[in-house]
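Undergrad: So that you have it, the file is work.tsv, and it contains TSV, C-alpha atoms and all ligand atoms:
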chain	number	residue	atom	x	y	z
D	1	MET	CA	125.02	88.32	110.24
D	2	PRO	CA	124.89	90.20	106.93
D	3	ASN	CA	121.45	91.36	105.95
D	4	THR	CA	121.17	91.04	102.20
D	5	LYS	CA	117.47	91.75	101.96
D	6	PRO	CA	116.89	94.66	99.57
D	7	ILE	CA	116.12	98.29	100.26
D	8	GLY	CA	113.01	99.40	98.33
D	9	ILE	CA	113.00	102.84	96.70
D	10	PHE	CA	110.21	104.47	94.73
D	11	ASP	CA	109.22	107.67	92.96
D	12	SER	CA	106.57	108.72	90.44
D	13	GLY	CA	109.20	108.25	87.73
D	14	ILE	CA	112.95	108.46	87.28
D	15	GLY	CA	113.52	111.33	89.73
D	16	GLY	CA	114.29	108.98	92.60
D	17	LEU	CA	117.27	107.69	90.62
D	18	SER	CA	119.02	110.84	91.86
D	19	VAL	CA	118.53	109.46	95.39
D	20	LEU	CA	119.39	105.87	94.45
D	21	ARG	CA	122.69	107.18	93.06
D	22	ARG	CA	123.59	108.62	96.49
D	23	ILE	CA	122.48	105.49	98.33
D	24	ARG	CA	124.67	103.37	96.07
D	25	GLU	CA	127.70	105.65	96.67
D	26	LEU	CA	127.32	105.38	100.44
D	27	LEU	CA	126.16	101.77	100.71
D	28	PRO	CA	127.90	99.76	97.98
D	29	SER	CA	126.93	96.33	99.29
D	30	GLU	CA	123.19	96.92	99.69
D	31	ASN	CA	120.76	95.32	97.22
D	32	LEU	CA	118.35	97.90	95.80
D	33	ILE	CA	114.91	97.59	94.18
D	34	TYR	CA	113.71	100.76	92.48
D	35	ILE	CA	110.18	101.44	91.21
D	36	ALA	CA	109.33	104.22	88.76
D	37	ASP	CA	105.55	104.63	88.89
D	38	SER	CA	105.65	106.15	85.41
D	39	ARG	CA	102.09	105.30	84.39
D	40	HIS	CA	100.87	107.55	87.22
D	41	MET	CA	103.43	110.32	86.82
D	42	PRO	CA	103.37	113.22	87.62
D	43	TYR	CA	102.20	112.87	91.23
D	44	GLY	CA	102.42	116.66	91.55
D	45	ASP	CA	99.15	117.09	89.64
D	46	LYS	CA	97.16	114.34	91.40
D	47	PRO	CA	94.88	114.47	94.45
D	48	ARG	CA	96.59	113.55	97.72
D	49	GLU	CA	94.42	110.43	98.19
D	50	TYR	CA	95.43	109.16	94.75
D	51	VAL	CA	99.14	109.50	95.52
D	52	GLU	CA	98.64	107.89	98.92
D	53	LYS	CA	96.93	104.85	97.36
D	54	ARG	CA	99.78	104.45	94.85
D	55	CYS	CA	102.29	104.63	97.73
D	56	LEU	CA	100.43	101.88	99.60
D	57	ASP	CA	100.34	99.61	96.53
D	58	LEU	CA	104.02	100.15	95.72
D	59	THR	CA	105.01	99.59	99.35
D	60	GLN	CA	103.08	96.33	99.44
D	61	PHE	CA	104.89	95.16	96.30
D	62	LEU	CA	108.27	96.07	97.83
D	63	LEU	CA	107.42	94.27	101.06
D	64	ASP	CA	106.41	91.22	99.02
D	65	GLN	CA	109.99	91.34	97.67
D	66	GLU	CA	111.13	91.30	101.34
D	67	ALA	CA	112.32	94.91	101.41
D	68	LYS	CA	113.89	95.61	104.82
D	69	ALA	CA	113.36	99.38	104.54
D	70	ILE	CA	111.62	101.71	102.13
D	71	VAL	CA	112.82	105.01	100.76
D	72	VAL	CA	110.07	107.29	99.49
D	73	ALA	CA	112.36	109.04	97.01
D	74	CYS	CA	109.79	111.68	96.13
D	75	ASN	CA	109.00	114.92	97.98
D	76	THR	CA	105.41	114.89	96.73
D	77	ALA	CA	104.76	111.31	97.87
D	78	THR	CA	106.48	111.89	101.21
D	79	ALA	CA	104.24	114.88	101.93
D	80	ALA	CA	101.15	112.94	100.84
D	81	ALA	CA	101.72	109.55	102.42
D	82	ILE	CA	104.66	108.99	104.76
D	83	ALA	CA	102.59	109.37	107.94
D	84	THR	CA	100.10	106.75	106.69
D	85	LEU	CA	102.86	104.39	105.60
D	86	ARG	CA	104.59	104.62	108.98
D	87	ALA	CA	101.30	104.04	110.77
D	88	MET	CA	100.48	100.97	108.67
D	89	PHE	CA	103.80	99.12	108.37
D	90	ALA	CA	106.51	98.28	110.88
D	91	GLN	CA	109.49	98.59	108.49
D	92	PRO	CA	111.61	101.75	108.55
D	93	PHE	CA	110.44	104.40	106.04
D	94	ILE	CA	112.81	107.14	104.96
D	95	GLY	CA	111.20	110.12	103.23
D	96	ILE	CA	112.53	113.25	101.58
D	97	GLU	CA	111.63	116.89	102.03
D	98	PRO	CA	112.99	120.10	100.51
D	99	GLY	CA	116.39	120.90	102.07
D	100	VAL	CA	115.26	124.10	103.71
D	101	LYS	CA	117.44	123.67	106.80
D	102	PRO	CA	120.79	123.25	104.99
D	103	ALA	CA	119.85	126.25	102.82
D	104	LEU	CA	119.55	128.61	105.81
D	105	ALA	CA	123.25	128.53	106.55
D	106	LEU	CA	124.04	129.33	102.90
D	107	SER	CA	121.72	132.31	102.51
D	108	LYS	CA	123.12	135.78	103.18
D	109	SER	CA	120.02	137.67	102.05
D	110	LYS	CA	117.90	135.38	104.28
D	111	ILE	CA	115.64	134.85	101.29
D	112	VAL	CA	115.57	131.19	100.30
D	113	GLY	CA	114.10	130.02	96.99
D	114	VAL	CA	112.40	126.62	96.74
D	115	LEU	CA	111.58	124.82	93.48
D	116	ALA	CA	109.12	121.93	93.87
D	117	THR	CA	105.83	120.53	92.64
D	118	GLU	CA	102.67	122.40	93.43
D	119	LYS	CA	101.49	119.53	95.62
D	120	THR	CA	104.66	119.65	97.78
D	121	LEU	CA	104.50	123.44	98.17
D	122	LYS	CA	100.84	123.33	99.18
D	123	SER	CA	101.28	120.43	101.61
D	124	GLU	CA	100.84	120.81	105.33
D	125	LYS	CA	104.24	119.16	105.83
D	126	PHE	CA	106.01	121.89	103.84
D	127	GLU	CA	104.01	124.66	105.51
D	128	THR	CA	105.03	123.31	108.91
D	129	LEU	CA	108.66	123.02	107.82
D	130	ILE	CA	109.02	126.64	106.70
D	131	ARG	CA	106.94	128.05	109.54
D	132	ARG	CA	109.69	126.95	111.95
D	133	PHE	CA	112.13	129.38	110.35
D	134	SER	CA	109.90	132.11	109.01
D	135	ASP	CA	110.61	134.57	111.84
D	136	GLU	CA	114.11	134.98	110.51
D	137	TYR	CA	113.92	133.89	106.88
D	138	ARG	CA	111.67	134.54	103.92
D	139	PHE	CA	110.84	131.65	101.61
D	140	VAL	CA	109.96	132.27	97.99
D	141	THR	CA	108.55	129.24	96.27
D	142	GLN	CA	107.93	128.28	92.68
D	143	ALA	CA	105.95	125.30	91.37
D	144	CYS	CA	107.75	124.02	88.27
D	145	LYS	CA	104.84	122.88	86.13
D	146	GLY	CA	106.00	120.79	83.18
D	147	LEU	CA	109.62	120.34	84.30
D	148	VAL	CA	109.21	116.76	85.57
D	149	GLN	CA	107.79	115.76	82.18
D	150	ARG	CA	110.79	117.31	80.33
D	151	ILE	CA	113.17	115.37	82.57
D	152	GLU	CA	111.18	112.17	82.01
D	153	GLN	CA	111.78	112.77	78.27
D	154	LEU	CA	115.52	112.86	79.13
D	155	ASP	CA	115.59	116.42	77.83
D	156	LEU	CA	118.06	117.75	80.39
D	157	ASP	CA	119.18	120.88	78.56
D	158	GLY	CA	117.25	121.26	75.30
D	159	PRO	CA	115.43	124.49	74.38
D	160	ALA	CA	112.08	123.57	76.00
D	161	THR	CA	113.74	122.59	79.30
D	162	ARG	CA	115.95	125.68	79.22
D	163	GLN	CA	112.95	127.90	78.72
D	164	LEU	CA	111.15	126.41	81.74
D	165	VAL	CA	114.20	126.55	84.01
D	166	GLN	CA	114.93	130.12	82.91
D	167	ARG	CA	111.37	131.19	83.75
D	168	TYR	CA	111.23	129.49	87.17
D	169	VAL	CA	114.72	130.45	88.34
D	170	SER	CA	114.29	134.11	87.27
D	171	ILE	CA	111.10	134.37	89.34
D	172	LEU	CA	113.03	133.31	92.46
D	173	LEU	CA	116.02	135.55	91.77
D	174	ALA	CA	113.76	138.55	91.06
D	175	GLN	CA	112.40	138.18	94.59
D	176	GLY	CA	115.89	138.28	96.11
D	177	ALA	CA	116.57	134.58	96.66
D	178	ASP	CA	120.30	133.89	96.94
D	179	THR	CA	120.02	130.13	97.52
D	180	ILE	CA	117.92	127.59	95.62
D	181	VAL	CA	116.54	124.41	97.15
D	182	LEU	CA	115.69	121.52	94.81
D	183	GLY	CA	112.43	120.28	96.35
D	184	CYS	CA	111.78	117.52	93.83
D	185	THR	CA	113.99	114.49	93.21
D	186	HIS	CA	113.78	114.97	89.44
D	187	TYR	CA	115.49	118.36	89.55
D	188	PRO	CA	119.05	117.22	90.41
D	189	PHE	CA	119.17	115.93	86.84
D	190	VAL	CA	118.96	119.54	85.65
D	191	SER	CA	121.06	121.06	88.42
D	192	ALA	CA	123.88	121.91	85.97
D	193	LEU	CA	121.37	123.88	83.92
D	194	ILE	CA	119.93	125.58	87.01
D	195	GLU	CA	123.44	126.51	88.09
D	196	GLU	CA	124.29	127.86	84.64
D	197	ILE	CA	121.15	130.01	84.61
D	198	ALA	CA	121.31	131.17	88.24
D	199	GLY	CA	125.04	131.88	88.14
D	200	PRO	CA	127.93	130.46	90.17
D	201	GLU	CA	127.26	132.58	93.27
D	202	ILE	CA	123.87	130.93	93.95
D	203	PRO	CA	124.22	127.67	95.89
D	204	ILE	CA	121.90	124.84	94.86
D	205	VAL	CA	120.74	122.53	97.66
D	206	ASP	CA	119.94	118.88	96.94
D	207	THR	CA	119.06	116.49	99.78
D	208	GLY	CA	119.92	113.17	98.07
D	209	ALA	CA	123.14	112.66	100.03
D	210	ALA	CA	121.42	113.48	103.35
D	211	VAL	CA	118.72	110.89	102.58
D	212	ALA	CA	121.40	108.26	101.89
D	213	LYS	CA	123.00	109.03	105.28
D	214	GLU	CA	119.63	108.73	106.96
D	215	VAL	CA	119.07	105.34	105.31
D	216	GLN	CA	122.43	104.21	106.68
D	217	ARG	CA	121.65	105.55	110.14
D	218	ARG	CA	118.21	103.91	110.31
D	219	LEU	CA	119.47	100.54	109.08
D	220	ARG	CA	122.35	100.61	111.54
D	221	GLU	CA	119.94	101.48	114.35
D	222	VAL	CA	117.83	98.36	113.69
D	223	ASN	CA	120.86	96.22	112.89
D	224	LEU	CA	119.89	95.65	109.28
D	225	LEU	CA	122.90	97.03	107.40
D	226	SER	CA	124.45	94.67	104.90
D	227	ASP	CA	128.11	94.18	105.73
D	228	THR	CA	129.03	91.67	103.05
D	229	PRO	CA	132.15	92.59	101.04
D	230	SER	CA	130.40	91.79	97.73
D	231	PRO	CA	128.80	94.61	95.71
D	232	GLY	CA	125.02	94.89	95.83
D	233	TRP	CA	122.70	94.53	92.84
D	234	GLU	CA	119.96	96.84	91.53
D	235	TRP	CA	116.64	95.88	90.01
D	236	PHE	CA	114.40	98.45	88.36
D	237	PHE	CA	110.64	98.17	87.92
D	238	THR	CA	108.19	100.39	86.07
D	239	SER	CA	104.41	100.68	85.84
D	240	GLY	CA	104.88	102.42	82.49
D	241	ASP	CA	106.49	101.64	79.16
D	242	LEU	CA	109.28	99.10	79.60
D	243	ASP	CA	111.39	100.18	76.60
D	244	LYS	CA	111.27	103.79	77.71
D	245	MET	CA	112.34	102.81	81.24
D	246	ARG	CA	115.23	100.76	79.81
D	247	GLN	CA	116.37	103.82	77.87
D	248	GLU	CA	116.10	106.01	80.97
D	249	VAL	CA	118.01	103.58	83.19
D	250	ASP	CA	120.70	103.15	80.50
D	251	PHE	CA	121.12	106.90	80.32
D	252	LEU	CA	120.85	107.90	83.98
D	253	TRP	CA	122.27	104.80	85.65
D	254	ARG	CA	124.16	102.35	83.45
D	255	PRO	CA	123.54	100.27	80.34
D	256	GLY	CA	122.44	96.67	80.73
D	257	ALA	CA	120.77	96.96	84.16
D	258	GLN	CA	117.89	94.64	85.08
D	259	VAL	CA	114.63	96.48	84.17
D	260	LEU	CA	111.21	94.81	84.55
D	261	SER	CA	107.50	95.61	84.40
D	262	LEU	CA	105.49	95.75	87.62
D	263	PRO	CA	102.85	92.99	87.79
D	264	ALA	CA	99.64	93.98	85.97
D	265	GLU	CA	97.54	94.12	89.16
D	266	ILE	CA	99.49	97.07	90.54
D	267	GLN	CA	99.99	98.95	87.30
N	301	LIG	N1	110.04	113.41	91.96
N	301	LIG	C1	108.91	113.87	92.61
N	301	LIG	C2	109.19	114.76	93.81
N	301	LIG	O1	110.24	114.66	94.39
N	301	LIG	C3	107.60	114.14	92.00
N	301	LIG	C4	107.41	114.52	90.63
N	301	LIG	C5	105.97	114.36	90.23
N	301	LIG	O2	105.60	113.22	89.96
N	301	LIG	O3	105.23	115.34	90.19
N	301	LIG	O4	108.36	115.54	94.20
Would you write out, as structure tokens, the structure that this file holds?
Ligand code: DGL

TA:
Amino acid sequence: MPNTKPIGIFDSGIGGLSVLRRIRELLPSENLIYIADSRHMPYGDKPREYVEKRCLDLTQFLLDQEAKAIVVACNTATAAAIATLRAMFAQPFIGIEPGVKPALALSKSKIVGVLATEKTLKSEKFETLIRRFSDEYRFVTQACKGLVQRIEQLDLDGPATRQLVQRYVSILLAQGADTIVLGCTHYPFVSALIEEIAGPEIPIVDTGAAVAKEVQRRLREVNLLSDTPSPGWEWFFTSGDLDKMRQEVDFLWRPGAQVLSLPAEIQ
């Protein structure tokens, strides 16, 4: 029997749209509910407990909408809260972490650069991830303070964004990195700029497509994939300014999509 219940997806802002895009490509008939927690963005600057509480509230809202699975489309939130979410709720949770593993095969210098929020880079989850490979590889990391906010302004290649990307990418390259991992779901929206600045010989690793595959695998495993022939719908919610979110969804997804405010009690 087709399962048309929606998949819930959330991020601190519009970054997770880079993941939603990949989920839609792979799973055209799934219904998707996306939340941008824009009032509380950026998560990267907040205490872990704060981010965890937001994740619990957003999850509860998505479950109230009968979400059959939840994608935490944010590296920072995954590091802060996925273990708690999995312990508290029975539904499948799919998180995201910097694509360190796929980067290893691409690096000749064995020096891998990672761009992410400070919170992700300092998390125990990230420490554990790189420790597994640190006998053979060196990881150089850079917290990209201010970049999420530029992307939220839809400034994907203006002078201020260029200046930030230039600074952060040069720091990695100066340390010998020959591969760059995008450890924040906002950054794929500036991957063309990163590529332009880093040069064509530096591969850029984004894990959006791998997350989409994992969503498919987990739903198949629990027999919850939608197999209807009709295309799925998308609904977008925000805890922030509704007009701004409409503009962002128009620009990064498509004009005329359904965009709503989250109920006041979880704003
Ligand atoms: N998009 C987010 C991530 O993947 C977080 C950005 C933020 O709110 O700091 O880490």

Undergrad: Give as a ChimeraX atom specification the residues surrounding ligand LIG 301 (chain N) up to a distance of 6 Å, considering all atoms listed in the file.

TA: /D:11-12,15,41-44,74-76,117,148,184-186

Undergrad: Just the number, please: distance in Å from atom CA of Gly113 of chain D to atom CA of Ile180 of chain D, one decimal.

TA: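 Atom-to-atom, atom CA of Gly113 of chain D to atom CA of Ile180 of chain D, that is 4.7 Å.
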
Undergrad: Which residue out of D:Thr78, D:Thr228, D:Asn3, D:Gln153 has the minimum interatomic distance to Gly16 of chain D when all atoms listed in the file are used?

TA: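 Nearest candidate to Gly16 of chain D out of D:Thr78, D:Thr228, D:Asn3, D:Gln153: D:Thr78.
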
Undergrad: Between D:Lys68, D:Arg162, D:Arg217, D:Arg138, single out the one closest to Glu196 of chain D, counting all atoms listed in the file.

TA: D:Arg162

Undergrad: What does the structure give for the distance between atom CA of Ile111 of chain D and atom CA of Asp135 of chain D, in Å to one decimal?

TA: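 Distance reported for this atom pair: 11.7 Å.
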
Undergrad: Go through D:Met88, D:Val259, D:Val249, D:Ala212 and flag the residue nearest Ala73 of chain D, using all atoms listed in the file for the distances.

TA: D:Ala212

Undergrad: Which of these residues is nearest to Ile33 of chain D, using all atoms listed in the file: D:Ser191, D:Thr59, D:Ser226, D:Gln175?

TA: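 Result for the nearest residue to Ile33 of chain D: D:Thr59.
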
Undergrad: Neighbouring residues of Gln258 of chain D were defined as those with any atom within 12 Å, considering all atoms listed in the file; residues of the same chain fewer than 2 positions away were excluded. Please report them as a count of residues only.

TA: 22

Undergrad: Take every atom of segment 182-192 of chain D listed in the file, fit an axis-aligned box around them, add 4 Å per side, and give the centre and edge lengths in Å to one decimal as JSON.

TA:
{"center_x": 117.8, "center_y": 118.2, "center_z": 91.0, "size_x": 20.1, "size_y": 15.4, "size_z": 18.7}

Undergrad: Hey, which of D:Ala174, D:Val51, D:Val165, D:Leu121 ends up closest to Ala80 of chain D? Count only C-alpha atoms.

TA: D:Val51

Undergrad: From the list D:Thr207, D:Gln65, D:Ser18, D:Ser107, which residue is nearest Asn31 of chain D when using all atoms listed in the file?

TA: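 Once distances to Asn31 of chain D are computed over all atoms listed in the file, the minimum belongs to D:Gln65.
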
Undergrad: If you count all atoms listed in the file, which residues fall within 8 Å of Gly183 of chain D, apart from same-chain ones fewer than 2 positions away, as a PyMOL selection string?

TA: chain D and resi 75+97-99+114-117+120+181+185+187+206

Undergrad: Have a look at atom CA of Leu156 of chain D and atom CA of Leu193 of chain D and let me know their distance in Å, one decimal.

TA: 7.8 Å

Undergrad: Using all atoms listed in the file, which protein or nucleic acid residues come within 12 Å of Glu30 of chain D? Drop anything in the same chain fewer than 5 positions from it, and give the result as a compact mmCIF listing (two decimals) with C-alpha atoms, in the frame of the given file.

TA:
# COMPACT_ATOMS: atom_id res chain seq x y z
CA PRO D 2 124.89 90.20 106.93
CA ASN D 3 121.45 91.36 105.95
CA THR D 4 121.17 91.04 102.20
CA LYS D 5 117.47 91.75 101.96
CA PRO D 6 116.89 94.66 99.57
CA ILE D 7 116.12 98.29 100.26
CA GLY D 8 113.01 99.40 98.33
CA LEU D 20 119.39 105.87 94.45
CA ILE D 23 122.48 105.49 98.33
CA ARG D 24 124.67 103.37 96.07
CA GLU D 25 127.70 105.65 96.67
CA ALA D 67 112.32 94.91 101.41
CA LYS D 68 113.89 95.61 104.82
CA ALA D 69 113.36 99.38 104.54
CA ALA D 212 121.40 108.26 101.89
CA VAL D 215 119.07 105.34 105.31
CA GLN D 216 122.43 104.21 106.68
CA LEU D 219 119.47 100.54 109.08
CA LEU D 224 119.89 95.65 109.28
CA LEU D 225 122.90 97.03 107.40
CA SER D 226 124.45 94.67 104.90
CA ASP D 227 128.11 94.18 105.73
CA THR D 228 129.03 91.67 103.05
CA PRO D 229 132.15 92.59 101.04
CA SER D 230 130.40 91.79 97.73
CA PRO D 231 128.80 94.61 95.71
CA GLY D 232 125.02 94.89 95.83
CA TRP D 233 122.70 94.53 92.84
CA GLU D 234 119.96 96.84 91.53
CA TRP D 235 116.64 95.88 90.01

Undergrad: Hey, can you pull every residue with an atom no more than 7 Å from (95.5, 111.7, 101.9), using all atoms listed in the file, and send it as number ranges by chain?

TA: D: 48-49, 52, 80-81

Undergrad: If we count all atoms listed in the file, what is near Pro203 of chain D at a cut-off of 8 Å, once residues fewer than 4 positions away on the same chain are taken out, given as a list in words?

TA: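 Those residues are Leu106, Asp178, Thr179, Ile180 and Glu195 of chain D.
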